[in-house]
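Trainee: File query35.cif follows (mmCIF, C-alpha atoms):
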```cif
data_target
loop_
_atom_site.label_atom_id
_atom_site.label_comp_id
_atom_site.auth_asym_id
_atom_site.auth_seq_id
_atom_site.Cartn_x
_atom_site.Cartn_y
_atom_site.Cartn_z
CA MET A 1182 -94.75 -60.57 -35.58
CA ASN A 1183 -93.81 -56.99 -34.67
CA MET A 1184 -96.09 -54.25 -33.49
CA TYR A 1185 -94.84 -51.93 -36.18
CA GLU A 1186 -96.76 -54.05 -38.66
CA TYR A 1187 -99.91 -52.16 -37.66
CA GLU A 1188 -101.78 -50.27 -40.32
CA LYS A 1189 -100.28 -46.85 -40.88
CA LYS A 1190 -102.96 -44.92 -39.05
CA MET A 1191 -102.84 -46.92 -35.84
CA PRO A 1192 -101.61 -44.41 -33.24
CA ALA A 1193 -98.35 -45.81 -32.06
CA LEU A 1194 -98.59 -44.01 -28.72
CA LEU A 1195 -100.54 -47.05 -27.60
CA LEU A 1196 -98.05 -49.44 -29.10
CA THR A 1197 -94.73 -47.90 -28.24
CA SER A 1198 -96.03 -44.54 -27.09
CA SER A 1199 -94.87 -43.06 -30.36
CA MET A 1200 -96.90 -40.84 -32.63
CA VAL A 1201 -97.96 -41.73 -36.16
CA VAL A 1202 -97.54 -38.81 -38.54
CA SER A 1203 -97.09 -38.42 -42.26
CA VAL A 1204 -93.55 -37.93 -43.50
CA ALA A 1205 -91.99 -37.69 -46.95
CA LEU A 1206 -90.20 -40.83 -48.11
CA LEU A 1207 -86.76 -41.06 -49.62
CA SER A 1208 -86.57 -39.97 -53.22
CA ALA A 1209 -83.80 -39.88 -55.80
CA GLY A 1210 -81.89 -36.63 -55.72
CA CYS A 1211 -82.36 -35.89 -52.01
CA VAL A 1212 -80.20 -38.62 -50.50
CA THR A 1213 -76.44 -38.45 -50.23
CA LYS A 1214 -74.76 -41.82 -49.79
CA ILE A 1215 -71.36 -42.51 -48.30
CA ALA A 1216 -69.64 -45.61 -49.59
CA ALA A 1217 -69.96 -48.62 -47.34
CA SER A 1218 -66.33 -49.49 -47.97
CA ALA A 1219 -64.98 -46.34 -46.37
CA THR A 1220 -61.94 -47.08 -44.21
CA ASP A 1221 -59.69 -45.20 -41.87
CA ASP A 1222 -56.43 -44.65 -43.77
CA THR A 1223 -54.31 -44.97 -40.63
CA GLU A 1224 -55.92 -48.07 -39.15
CA GLY A 1225 -57.50 -49.74 -42.18
CA ALA A 1226 -60.64 -50.36 -40.10
CA PRO A 1227 -64.15 -49.72 -41.50
CA VAL A 1228 -65.53 -46.29 -40.55
CA LEU A 1229 -68.83 -44.49 -41.00
CA TRP A 1230 -67.31 -41.65 -43.02
CA ALA A 1231 -63.95 -40.12 -43.85
CA ALA A 1232 -63.10 -38.52 -40.52
CA GLY A 1233 -61.87 -34.98 -40.02
CA GLU A 1234 -58.93 -34.01 -37.85
CA THR A 1235 -60.99 -32.81 -34.86
CA ARG A 1236 -63.25 -34.79 -32.52
CA ASP A 1237 -66.20 -32.47 -32.96
CA LYS A 1238 -69.08 -34.78 -33.94
CA ILE A 1239 -71.88 -35.84 -31.60
CA VAL A 1240 -73.83 -38.88 -32.81
CA VAL A 1241 -77.33 -39.44 -31.43
CA ILE A 1242 -79.38 -42.63 -31.67
CA SER A 1243 -82.62 -43.46 -29.91
CA ASP A 1244 -85.49 -45.94 -29.71
CA LEU A 1245 -83.45 -49.11 -29.97
CA HIS A 1246 -86.14 -51.04 -28.05
CA LEU A 1247 -83.99 -54.01 -27.10
CA GLY A 1248 -86.28 -56.55 -25.45
CA ILE A 1249 -86.11 -59.31 -22.87
CA ASN A 1250 -87.23 -62.07 -25.24
CA ASP A 1251 -86.18 -62.51 -28.86
CA ASN A 1252 -89.59 -63.98 -29.67
CA TYR A 1253 -91.14 -60.54 -29.47
CA THR A 1254 -88.38 -57.98 -29.26
CA GLU A 1255 -88.83 -55.05 -31.65
CA THR A 1256 -85.19 -55.02 -32.73
CA LEU A 1257 -84.02 -58.46 -33.79
CA ALA A 1258 -83.18 -58.28 -37.50
CA ASN A 1259 -81.58 -54.87 -36.96
CA ARG A 1260 -79.57 -55.90 -33.91
CA PRO A 1261 -76.57 -57.25 -35.89
CA LEU A 1262 -76.65 -54.07 -37.98
CA LEU A 1263 -76.65 -51.99 -34.79
CA ILE A 1264 -73.57 -53.85 -33.59
CA GLU A 1265 -71.90 -53.32 -36.96
CA PHE A 1266 -72.75 -49.61 -36.77
CA LEU A 1267 -71.20 -49.38 -33.30
CA GLN A 1268 -68.08 -51.18 -34.49
CA ARG A 1269 -67.62 -48.73 -37.35
CA LEU A 1270 -68.33 -45.83 -35.01
CA GLN A 1271 -65.38 -46.91 -32.85
CA SER A 1272 -63.03 -46.39 -35.80
CA THR A 1273 -64.47 -43.03 -36.89
CA SER A 1274 -61.93 -40.79 -35.23
CA ASP A 1275 -63.79 -37.46 -35.34
CA VAL A 1276 -66.68 -38.72 -33.18
CA ARG A 1277 -66.60 -37.13 -29.73
CA GLU A 1278 -69.79 -38.54 -28.19
CA LEU A 1279 -72.46 -41.14 -28.76
CA VAL A 1280 -75.76 -40.31 -27.05
CA ILE A 1281 -78.54 -42.88 -26.62
CA ALA A 1282 -81.65 -40.71 -26.35
CA GLY A 1283 -84.03 -43.09 -24.59
CA ASP A 1284 -85.96 -46.31 -25.17
CA PHE A 1285 -82.67 -48.20 -25.15
CA LEU A 1286 -84.03 -51.19 -23.21
CA ASP A 1287 -87.75 -52.02 -23.32
CA GLU A 1288 -90.13 -52.89 -20.48
CA TRP A 1289 -93.35 -51.87 -22.28
CA TYR A 1290 -93.56 -54.20 -25.26
CA LEU A 1291 -94.75 -57.23 -23.31
CA PRO A 1292 -97.90 -59.30 -23.91
CA VAL A 1293 -100.34 -59.29 -21.02
CA ASP A 1294 -99.62 -62.97 -20.34
CA TYR A 1295 -95.94 -62.23 -19.66
CA PRO A 1296 -95.37 -63.59 -16.12
CA SER A 1297 -95.95 -61.03 -13.41
CA TYR A 1298 -92.73 -60.00 -11.64
CA THR A 1299 -91.69 -57.89 -8.67
CA ASP A 1300 -87.96 -57.39 -9.25
CA GLU A 1301 -87.50 -54.56 -11.73
CA LYS A 1302 -83.72 -54.68 -11.45
CA GLN A 1303 -83.67 -58.37 -12.34
CA PHE A 1304 -85.92 -57.67 -15.32
CA TYR A 1305 -83.43 -55.19 -16.76
CA GLN A 1306 -80.50 -57.43 -15.96
CA ASP A 1307 -82.22 -60.10 -18.05
CA VAL A 1308 -82.79 -57.62 -20.90
CA ILE A 1309 -79.09 -56.78 -20.77
CA ALA A 1310 -78.15 -60.47 -20.83
CA THR A 1311 -80.38 -61.06 -23.87
CA ASN A 1312 -78.58 -58.22 -25.66
CA GLN A 1313 -75.08 -58.74 -24.26
CA ASP A 1314 -73.48 -58.40 -27.70
CA VAL A 1315 -74.84 -54.85 -27.97
CA ILE A 1316 -73.63 -54.05 -24.45
CA ASP A 1317 -70.17 -55.38 -25.34
CA ALA A 1318 -70.07 -53.18 -28.45
CA LEU A 1319 -71.03 -50.12 -26.40
CA ASN A 1320 -68.26 -50.79 -23.89
CA LYS A 1321 -65.82 -50.94 -26.80
CA VAL A 1322 -67.16 -47.59 -28.07
CA ILE A 1323 -66.05 -46.09 -24.76
CA GLN A 1324 -62.70 -47.85 -24.95
CA SER A 1325 -62.13 -46.23 -28.36
CA GLY A 1326 -62.20 -42.78 -26.73
CA ILE A 1327 -65.82 -41.85 -27.45
CA LYS A 1328 -67.94 -40.55 -24.58
CA LEU A 1329 -71.13 -42.61 -24.19
CA VAL A 1330 -74.23 -40.93 -22.73
CA TYR A 1331 -77.66 -42.33 -21.87
CA VAL A 1332 -80.88 -40.33 -21.48
CA PRO A 1333 -83.99 -42.16 -20.14
CA GLY A 1334 -87.02 -42.84 -22.32
CA ASN A 1335 -90.54 -43.91 -21.44
CA HIS A 1336 -89.99 -47.59 -22.31
CA ASP A 1337 -87.05 -47.75 -19.89
CA MET A 1338 -88.14 -45.21 -17.26
CA LEU A 1339 -87.87 -47.89 -14.55
CA LEU A 1340 -84.25 -48.69 -15.43
CA GLU A 1341 -82.22 -47.86 -12.33
CA ALA A 1342 -78.92 -46.07 -12.79
CA ASP A 1343 -76.88 -48.67 -10.90
CA VAL A 1344 -78.10 -51.55 -13.12
CA LEU A 1345 -76.99 -49.76 -16.29
CA GLN A 1346 -73.76 -48.56 -14.68
CA LYS A 1347 -72.82 -52.11 -13.74
CA ALA A 1348 -73.32 -53.27 -17.33
CA ILE A 1349 -71.51 -50.27 -18.85
CA PRO A 1350 -69.24 -48.92 -16.10
CA ASN A 1351 -68.10 -45.74 -17.86
CA ILE A 1352 -71.41 -44.64 -19.32
CA VAL A 1353 -72.61 -41.13 -18.40
CA GLN A 1354 -76.29 -40.97 -17.41
CA ALA A 1355 -78.21 -37.71 -17.87
CA ARG A 1356 -81.12 -37.82 -15.42
CA ASP A 1357 -83.21 -35.13 -13.73
CA ALA A 1358 -86.77 -35.92 -12.60
CA LYS A 1359 -87.38 -39.65 -12.10
CA GLY A 1360 -87.74 -41.41 -15.45
CA LEU A 1361 -86.52 -38.35 -17.34
CA GLY A 1362 -83.36 -36.59 -18.43
CA ALA A 1363 -82.02 -33.80 -20.60
CA TYR A 1364 -78.42 -33.76 -21.76
CA TYR A 1365 -76.67 -30.49 -22.67
CA THR A 1366 -73.55 -30.78 -24.78
CA GLY A 1367 -71.48 -29.16 -27.53
CA ASP A 1368 -68.65 -26.65 -27.43
CA ARG A 1369 -71.02 -23.99 -26.05
CA ASN A 1370 -73.58 -26.22 -24.33
CA GLU A 1371 -75.73 -25.23 -27.27
CA ILE A 1372 -77.18 -28.70 -27.87
CA VAL A 1373 -79.88 -30.36 -25.75
CA ILE A 1374 -80.99 -33.97 -26.13
CA GLU A 1375 -84.15 -35.44 -24.59
CA HIS A 1376 -86.28 -38.45 -25.39
CA GLY A 1377 -89.39 -36.25 -25.70
CA HIS A 1378 -91.85 -38.19 -23.51
CA ARG A 1379 -91.77 -35.45 -20.86
CA TYR A 1380 -94.37 -33.58 -22.94
CA ASP A 1381 -96.57 -36.59 -23.79
CA VAL A 1382 -99.73 -37.06 -21.68
CA PHE A 1383 -99.65 -40.81 -22.33
CA SER A 1384 -95.94 -41.40 -21.74
CA ALA A 1385 -94.71 -38.83 -19.21
CA PRO A 1386 -94.01 -40.24 -15.73
CA ASP A 1387 -97.17 -40.16 -13.62
CA THR A 1388 -96.72 -40.48 -9.86
CA VAL A 1389 -99.84 -38.41 -9.21
CA THR A 1390 -102.99 -39.84 -10.80
CA ASN A 1391 -102.94 -43.26 -9.10
CA ALA A 1392 -101.35 -42.21 -5.81
CA GLN A 1393 -104.57 -42.37 -3.79
CA LEU A 1394 -105.63 -45.65 -5.39
CA CYS A 1395 -102.35 -47.39 -4.55
CA GLY A 1396 -101.54 -45.53 -1.36
CA ASN A 1397 -98.12 -44.35 -2.52
CA ASP A 1398 -96.46 -41.93 -4.92
CA GLN A 1399 -94.34 -44.56 -6.66
CA THR A 1400 -96.89 -45.30 -9.41
CA ILE A 1401 -94.72 -43.74 -12.10
CA LEU A 1402 -96.02 -45.77 -15.04
CA PRO A 1403 -98.38 -43.67 -17.21
CA ALA A 1404 -101.45 -44.80 -19.13
CA GLY A 1405 -99.36 -45.49 -22.23
CA TYR A 1406 -97.70 -48.43 -20.48
CA PHE A 1407 -101.01 -50.28 -20.14
CA TYR A 1408 -102.10 -49.50 -23.69
CA ALA A 1409 -98.72 -50.57 -25.04
CA ARG A 1410 -99.03 -53.98 -23.43
CA TYR A 1411 -102.62 -54.33 -24.63
CA ALA A 1412 -101.55 -53.45 -28.17
CA ALA A 1413 -98.56 -55.78 -28.07
CA THR A 1414 -100.91 -58.58 -27.07
CA TRP A 1415 -103.21 -57.84 -30.01
CA VAL A 1416 -100.33 -57.91 -32.50
CA LEU A 1417 -98.84 -61.11 -31.12
CA GLU A 1418 -102.26 -62.76 -31.32
CA GLY A 1419 -102.41 -61.95 -35.03
CA ARG A 1420 -104.53 -58.79 -34.78
CA PRO A 1421 -107.88 -60.53 -34.28
CA ALA A 1422 -111.16 -58.68 -34.90
CA VAL A 1423 -113.12 -59.24 -31.70
CA ALA A 1424 -116.37 -57.43 -30.93
CA LYS A 1425 -115.98 -55.16 -27.91
CA ASP A 1426 -118.85 -53.50 -26.05
CA LEU A 1427 -117.03 -50.34 -25.06
CA PRO A 1428 -118.73 -47.64 -22.98
CA VAL A 1429 -119.99 -44.76 -25.11
CA VAL A 1430 -119.99 -41.08 -24.20
CA THR A 1431 -122.70 -39.34 -26.21
CA ALA A 1432 -122.69 -35.79 -24.84
CA VAL A 1433 -119.78 -33.57 -25.92
CA PRO A 1434 -118.97 -31.05 -23.16
CA ASP A 1435 -118.72 -27.38 -23.96
CA LYS A 1436 -115.19 -26.21 -24.76
CA ASP A 1437 -115.50 -23.62 -22.01
CA ASP A 1438 -115.66 -26.48 -19.52
CA THR A 1439 -111.92 -27.13 -19.76
CA ASP A 1440 -112.03 -29.97 -17.26
CA GLN A 1441 -114.69 -32.08 -18.95
CA TYR A 1442 -113.77 -31.09 -22.48
CA GLY A 1443 -110.22 -32.30 -21.81
CA ALA A 1444 -111.64 -35.54 -20.39
CA TYR A 1445 -113.76 -35.94 -23.53
CA LEU A 1446 -110.78 -35.41 -25.87
CA TYR A 1447 -108.90 -38.09 -23.95
CA TYR A 1448 -111.89 -40.45 -24.22
CA ASP A 1449 -112.41 -39.73 -27.92
CA LEU A 1450 -108.81 -40.49 -28.83
CA LEU A 1451 -108.82 -43.78 -26.94
CA LYS A 1452 -112.22 -44.74 -28.35
CA ASN A 1453 -110.87 -44.52 -31.90
CA ILE A 1454 -107.98 -46.79 -30.96
CA SER A 1455 -109.98 -49.29 -28.98
CA THR A 1456 -112.46 -49.97 -31.78
CA ARG A 1457 -109.57 -51.21 -33.95
CA MET A 1458 -107.26 -52.74 -31.35
CA THR A 1459 -109.20 -55.83 -30.25
CA PRO A 1460 -107.24 -58.66 -28.63
CA ASN A 1461 -108.97 -61.86 -27.57
CA GLU A 1462 -109.02 -60.93 -23.88
CA SER A 1463 -112.36 -59.65 -22.58
CA LEU A 1464 -112.76 -56.06 -21.44
CA ASP A 1465 -113.43 -57.01 -17.82
CA GLN A 1466 -110.72 -59.68 -17.56
CA LYS A 1467 -108.02 -58.79 -15.00
CA ILE A 1468 -105.18 -59.06 -17.50
CA PHE A 1469 -102.76 -56.51 -16.03
CA ASP A 1470 -101.24 -58.26 -13.02
CA MET A 1471 -99.06 -55.47 -11.65
CA HIS A 1472 -96.60 -55.76 -8.78
CA ILE A 1473 -94.06 -53.13 -9.79
CA ALA A 1474 -93.72 -49.34 -9.60
CA GLY A 1475 -96.11 -48.90 -6.70
CA PHE A 1476 -98.87 -51.11 -8.13
CA ASN A 1477 -99.91 -54.29 -6.34
CA ASP A 1478 -103.13 -55.50 -7.96
CA ALA A 1479 -104.66 -56.80 -11.17
CA TYR A 1480 -106.63 -54.55 -13.53
CA SER A 1481 -108.88 -54.89 -16.55
CA TYR A 1482 -109.13 -52.80 -19.70
CA LEU A 1483 -112.35 -51.24 -18.43
CA ASP A 1484 -110.57 -50.17 -15.24
CA PHE A 1485 -108.77 -47.43 -17.15
CA TYR A 1486 -111.05 -46.85 -20.15
CA PRO A 1487 -112.91 -43.49 -19.82
CA ALA A 1488 -116.68 -43.62 -19.49
CA GLN A 1489 -119.59 -41.44 -18.35
CA GLN A 1490 -119.86 -41.89 -14.59
CA ALA A 1491 -123.00 -41.81 -12.45
CA ASP A 1492 -122.49 -38.13 -11.65
CA GLY A 1493 -122.27 -37.30 -15.36
CA THR A 1494 -118.54 -36.68 -15.46
CA ILE A 1495 -116.21 -38.44 -17.88
CA SER A 1496 -113.51 -40.54 -16.24
CA ALA A 1497 -111.99 -43.97 -15.98
CA SER A 1498 -113.48 -45.93 -13.09
CA VAL A 1499 -110.32 -47.16 -11.35
CA LEU A 1500 -106.95 -46.41 -12.99
CA PHE A 1501 -106.07 -42.87 -14.10
CA LYS A 1502 -109.31 -41.39 -12.75
CA ASN A 1503 -109.77 -37.75 -13.82
CA ILE A 1504 -106.37 -37.80 -15.47
CA GLN A 1505 -106.97 -34.31 -16.89
CA ARG A 1506 -106.85 -32.88 -13.36
CA THR A 1507 -103.33 -34.10 -12.61
CA TRP A 1508 -101.54 -32.87 -15.74
CA ALA A 1509 -100.43 -29.58 -14.17
CA GLN A 1510 -98.94 -31.35 -11.15
CA ARG A 1511 -97.31 -33.98 -13.37
CA GLN A 1512 -95.65 -31.25 -15.40
CA SER A 1513 -94.33 -29.64 -12.23
CA ARG A 1514 -92.91 -32.91 -10.93
CA ASN A 1515 -91.46 -33.66 -14.35
CA GLU A 1516 -89.65 -30.30 -14.36
CA ILE A 1517 -91.25 -28.91 -17.49
CA LYS A 1518 -90.01 -25.37 -18.01
CA VAL A 1519 -93.07 -23.96 -19.79
CA PRO A 1520 -96.24 -25.93 -18.95
CA ASN A 1521 -99.25 -26.28 -21.25
CA ASN A 1522 -102.86 -27.37 -20.74
CA PHE A 1523 -104.21 -30.90 -20.89
CA SER A 1524 -106.38 -30.38 -23.99
CA GLU A 1525 -103.41 -29.05 -25.96
CA ALA A 1526 -101.28 -32.00 -24.92
CA VAL A 1527 -103.95 -34.57 -25.87
CA ALA A 1528 -104.70 -32.85 -29.18
CA GLY A 1529 -101.00 -32.85 -30.04
CA ALA A 1530 -100.36 -36.46 -29.13
CA LEU A 1531 -100.58 -37.70 -32.73
CA ASP A 1532 -98.85 -34.76 -34.39
CA TRP A 1533 -95.08 -34.34 -34.79
CA GLU A 1534 -95.68 -30.57 -34.97
CA TYR A 1535 -96.60 -30.70 -31.27
CA TYR A 1536 -93.12 -31.97 -30.38
CA PHE A 1537 -91.49 -29.42 -32.67
CA GLY A 1538 -93.59 -26.81 -30.87
CA GLN A 1539 -92.36 -28.07 -27.51
CA ALA A 1540 -88.76 -27.93 -28.74
CA LYS A 1541 -89.29 -24.26 -29.60
CA THR A 1542 -91.24 -23.37 -26.46
CA GLN A 1543 -89.00 -25.17 -23.98
CA TYR A 1544 -85.64 -24.37 -25.59
CA LEU A 1545 -85.22 -22.54 -28.90
CA GLU A 1546 -87.52 -19.61 -28.04
CA ASN A 1547 -87.04 -19.72 -24.28
CA SER A 1548 -85.11 -16.65 -23.13
CA ASN A 1549 -83.77 -18.61 -20.16
CA GLU A 1550 -82.06 -21.09 -22.49
CA ASN A 1551 -79.13 -20.70 -24.87
CA VAL A 1552 -79.82 -23.64 -27.17
CA ASP A 1553 -79.28 -23.86 -30.92
CA VAL A 1554 -80.02 -27.55 -31.50
CA VAL A 1555 -82.79 -29.68 -29.95
CA LEU A 1556 -82.95 -33.44 -30.49
CA PHE A 1557 -85.87 -35.65 -29.47
CA GLY A 1558 -86.66 -39.30 -30.16
CA HIS A 1559 -89.90 -40.99 -29.02
CA THR A 1560 -92.05 -40.57 -32.16
CA HIS A 1561 -90.01 -43.01 -34.31
CA VAL A 1562 -90.34 -40.52 -37.18
CA PRO A 1563 -87.06 -38.92 -38.33
CA ILE A 1564 -87.51 -35.15 -38.70
CA TYR A 1565 -85.08 -32.47 -39.81
CA GLN A 1566 -86.18 -28.88 -39.19
CA ASP A 1567 -83.82 -26.01 -40.10
CA GLN A 1568 -85.10 -22.79 -38.59
CA GLY A 1569 -82.87 -20.77 -40.90
CA ASN A 1570 -81.29 -18.81 -38.06
CA GLY A 1571 -78.68 -21.31 -36.92
CA GLN A 1572 -81.26 -23.25 -34.91
CA TYR A 1573 -82.41 -26.80 -35.60
CA TYR A 1574 -84.89 -29.38 -34.37
CA LEU A 1575 -84.17 -33.03 -35.17
CA ASN A 1576 -85.90 -36.25 -34.32
CA THR A 1577 -83.57 -39.24 -34.47
CA GLY A 1578 -86.17 -41.84 -35.53
CA THR A 1579 -85.68 -45.48 -34.51
CA TRP A 1580 -83.85 -48.78 -35.04
CA VAL A 1581 -86.86 -51.09 -34.72
CA ASP A 1582 -87.17 -53.76 -37.41
CA HIS A 1583 -90.44 -52.52 -38.91
CA ASN A 1584 -91.01 -48.79 -38.75
CA THR A 1585 -94.36 -48.33 -40.47
CA ASP A 1586 -94.05 -44.56 -40.39
CA TYR A 1587 -90.78 -44.57 -42.31
CA PRO A 1588 -90.25 -47.99 -43.88
CA GLU A 1589 -87.41 -46.87 -46.14
CA ALA A 1590 -85.08 -46.12 -43.22
CA THR A 1591 -85.62 -47.71 -39.84
CA ARG A 1592 -81.98 -47.34 -38.77
CA THR A 1593 -81.71 -43.56 -38.47
CA PHE A 1594 -79.38 -41.37 -36.44
CA ALA A 1595 -78.33 -37.75 -36.08
CA VAL A 1596 -74.89 -36.15 -36.35
CA ILE A 1597 -74.13 -32.69 -35.01
CA THR A 1598 -70.78 -31.06 -35.70
CA THR A 1599 -70.26 -28.60 -32.86
CA GLY A 1600 -68.31 -25.37 -33.21
CA LYS A 1601 -68.85 -21.64 -33.49
CA LYS A 1602 -71.72 -22.51 -35.82
CA ASP A 1603 -73.13 -26.02 -35.65
CA THR A 1604 -73.94 -28.18 -38.65
CA THR A 1605 -76.50 -30.97 -38.42
CA ALA A 1606 -77.70 -33.94 -40.45
CA LEU A 1607 -79.86 -37.05 -40.25
CA TYR A 1608 -78.61 -40.34 -41.67
CA SER A 1609 -79.83 -43.87 -42.21
CA TYR A 1610 -77.62 -46.94 -41.94
CA GLY A 1611 -78.22 -49.34 -44.82
CA GLU A 1612 -78.19 -53.12 -44.69
CA ASP A 1613 -75.06 -52.99 -46.86
CA GLY A 1614 -73.36 -50.55 -44.46
CA THR A 1615 -74.10 -47.53 -46.64
CA VAL A 1616 -74.63 -44.30 -44.70
CA SER A 1617 -77.22 -42.07 -46.40
CA ASP A 1618 -77.96 -38.43 -45.62
CA ILE A 1619 -81.76 -38.22 -45.45
CA SER A 1620 -82.01 -34.69 -44.04
CA ALA A 1621 -83.66 -33.19 -47.14
CA SER A 1622 -86.17 -36.01 -47.50
CA VAL A 1623 -87.44 -35.69 -43.92
CA SER A 1624 -87.43 -31.91 -43.64
CA LYS A 1625 -90.73 -30.17 -43.09
CA ASN A 1626 -90.77 -28.80 -46.59
CA ALA A 1627 -89.72 -32.04 -48.36
CA GLU A 1628 -91.89 -32.79 -51.38
#
```
Rewrite the coordinates I just gave you, this time as structure tokens.
Mentor:
Amino acid sequence: MNMYEYEKKMPALLLTSSMVVSVALLSAGCVTKIAASATDDTEGAPVLWAAGETRDKIVVISDLHLGINDNYTETLANRPLLIEFLQRLQSTSDVRELVIAGDFLDEWYLPVDYPSYTDEKQFYQDVIATNQDVIDALNKVIQSGIKLVYVPGNHDMLLEADVLQKAIPNIVQARDAKGLGAYYTGDRNEIVIEHGHRYDVFSAPDTVTNAQLCGNDQTILPAGYFYARYAATWVLEGRPAVAKDLPVVTAVPDKDDTDQYGAYLYYDLLKNISTRMTPNESLDQKIFDMHIAGFNDAYSYLDFYPAQQADGTISASVLFKNIQRTWAQRQSRNEIKVPNNFSEAVAGALDWEYYFGQAKTQYLENSNENVDVVLFGHTHVPIYQDQGNGQYYLNTGTWVDHNTDYPEATRTFAVITTGKKDTTALYSYGEDGTVSDISASVSKNAE
């Protein structure tokens, strides 16, 4: 069973730290298909499309979520199709770069009974070994003359550069703050590619909130990591309906009290999730046995679930205490160009418009930037937004087997043709090898 089999309204930020939003589905008349039998006339090898004479195309994929164990990896049925896609990409001679925009390898989708471990490098080496056929295909992409670039995501924020470099020696890694990266590319450096979790309260690296608790500033894993594992456990158990006696906050703080109102918004969002997501494990059971990323203890669900404390304030009791008070410092450490407030970030967590807004604020409308195209992943929802002034925002979607938010096309990717004026498109890769242009169907104004 896969966690994307949740009901549509289950906020995926707690499952894969992705956001559930409504999006128009494919419809006849708004999808352009390229024949699956397309071949390169000079080589006779299958290609993705009839290539032009110039290597000017940048292909972006994200959210592959390749796991350590095939019994609960999110991308199993689609893995052979991913390999096939990479093989055809190698023969498509106008492709300049392939960018993997985060959540390539997955350390978050693990049930809580997955054996506790201390060697993060060995964990990722094992993920790589489980998916060696994909790694081999990526090495061959590089051998074909295509530049391969990796940008970190939240599900692989603990992946060390040397581990990935050993597996794919000639890969280029775009990293800035720990667990994050932004890659600028194109003829004019007019394209920027991020995963998008930098702006997500639940998924952005957090070395601040638990520093005093753990006595170090290595506790990079954010709250979304714990909720993701809790949710994965629930799905793998068959989504049981178990009564949970969750703490209840009855008094809504005044909006002028930005500290406590932000804490309440955080509580209210998690309350709505926790009443539906009910694994068999009890609330006070120490199910999170953590000996990685600065943590060295076992924690329960109640340890990080917000509640009304004895002094009247709203906060978790142990993990992520007063999380609203660390957001500004987290943004600074995570090198966010234009910071926002905690309440705005929480309120936007389930809305793709929030990420589009961040793309505009951080890049498209930022006078210190010279960017025409912004690409994020993270939400698993493919989005195509043409600003009408030569600027675009795209979300690349995902390759997981069951994408509840967009079931018609789980294997989506972006293509940017760079030049004096860029052109952009979103595609899906069909089970029969057909490449379909879905840009119109996932644009903001799609009917």
Trainee: If you take all atoms listed in the file and a cut-off of 9 Å, which residues of region 1312-1382 of chain A touch region 1399-1421 of chain A, and what are their nearest atom pairs and distances in Å to one decimal, in chain and number order, as CSV?
Mentor:
```
residue,atom,partner,partner_atom,distance
A:Asn1335,CA,A:Tyr1406,CA,8.5
A:His1336,CA,A:Tyr1406,CA,8.0
A:Met1338,CA,A:Leu1402,CA,8.2
A:Leu1339,CA,A:Ile1401,CA,8.4
A:Lys1359,CA,A:Ile1401,CA,8.4
A:Gly1360,CA,A:Ile1401,CA,8.1
A:Val1382,CA,A:Pro1403,CA,8.1
```
Trainee: Please write as a PyMOL selection string the full residue list that the PyMOL selection byres ((chain A and resi 1574-1585) around 6) yields on this file.
Mentor: chain A and resi 1185+1243-1245+1255-1256+1259+1554-1558+1561-1566+1573+1586-1588+1591-1595
Trainee: To test your reading of the syntax: which residues would the PyMOL selection byres ((chain A and resi 1348-1357) around 10) return for the file shown? Reply as a PyMOL selection string.
Mentor: chain A and resi 1280-1282+1306+1309-1310+1313+1316-1317+1319-1321+1323-1324+1328-1333+1342-1347+1358-1365+1374-1375+1515-1516
Trainee: Taking the file as shown, what set of residues would the PyMOL selection byres ((chain A and resi 1505) around 9) give back, as a PyMOL selection string?
Mentor: chain A and resi 1440-1441+1443-1444+1447+1502-1504+1506-1509+1522-1524
Trainee: Nearest to Asp1314 (chain A): which of A:Arg1269, A:Arg1260, A:His1472, A:Lys1601 is it, counting only C-alpha atoms?
Mentor: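 Nearest candidate to Asp1314 (chain A) out of A:Arg1269, A:Arg1260, A:His1472, A:Lys1601: A:Arg1260.
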Trainee: Name all residues at most 8 Å from Gln1543 (chain A) (count only C-alpha atoms; drop same-chain ones fewer than 2 positions away) and give them as an MDAnalysis selection string.
Mentor: chainID A and resid 1517:1519 1539:1541 1545:1547
Trainee: Around all listed atoms of region 1590-1603 of chain A, padded 3 Å per side, what centre and edge lengths does the axis-aligned box have in Å to one decimal, as lines of an AutoDock Vina configuration file?
Mentor:
```
center_x = -77.0
center_y = -34.7
center_z = -38.0
size_x = 23.3
size_y = 32.1
size_z = 16.4
```
Trainee: Counting only C-alpha atoms, which of A:Gln1268, A:Gln1568, A:Phe1537, A:Val1241 gets nearest to Leu1607 (chain A)?
Mentor: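 Checking each of A:Gln1268, A:Gln1568, A:Phe1537, A:Val1241 against Leu1607 (chain A), counting only C-alpha atoms, the winner is A:Val1241.
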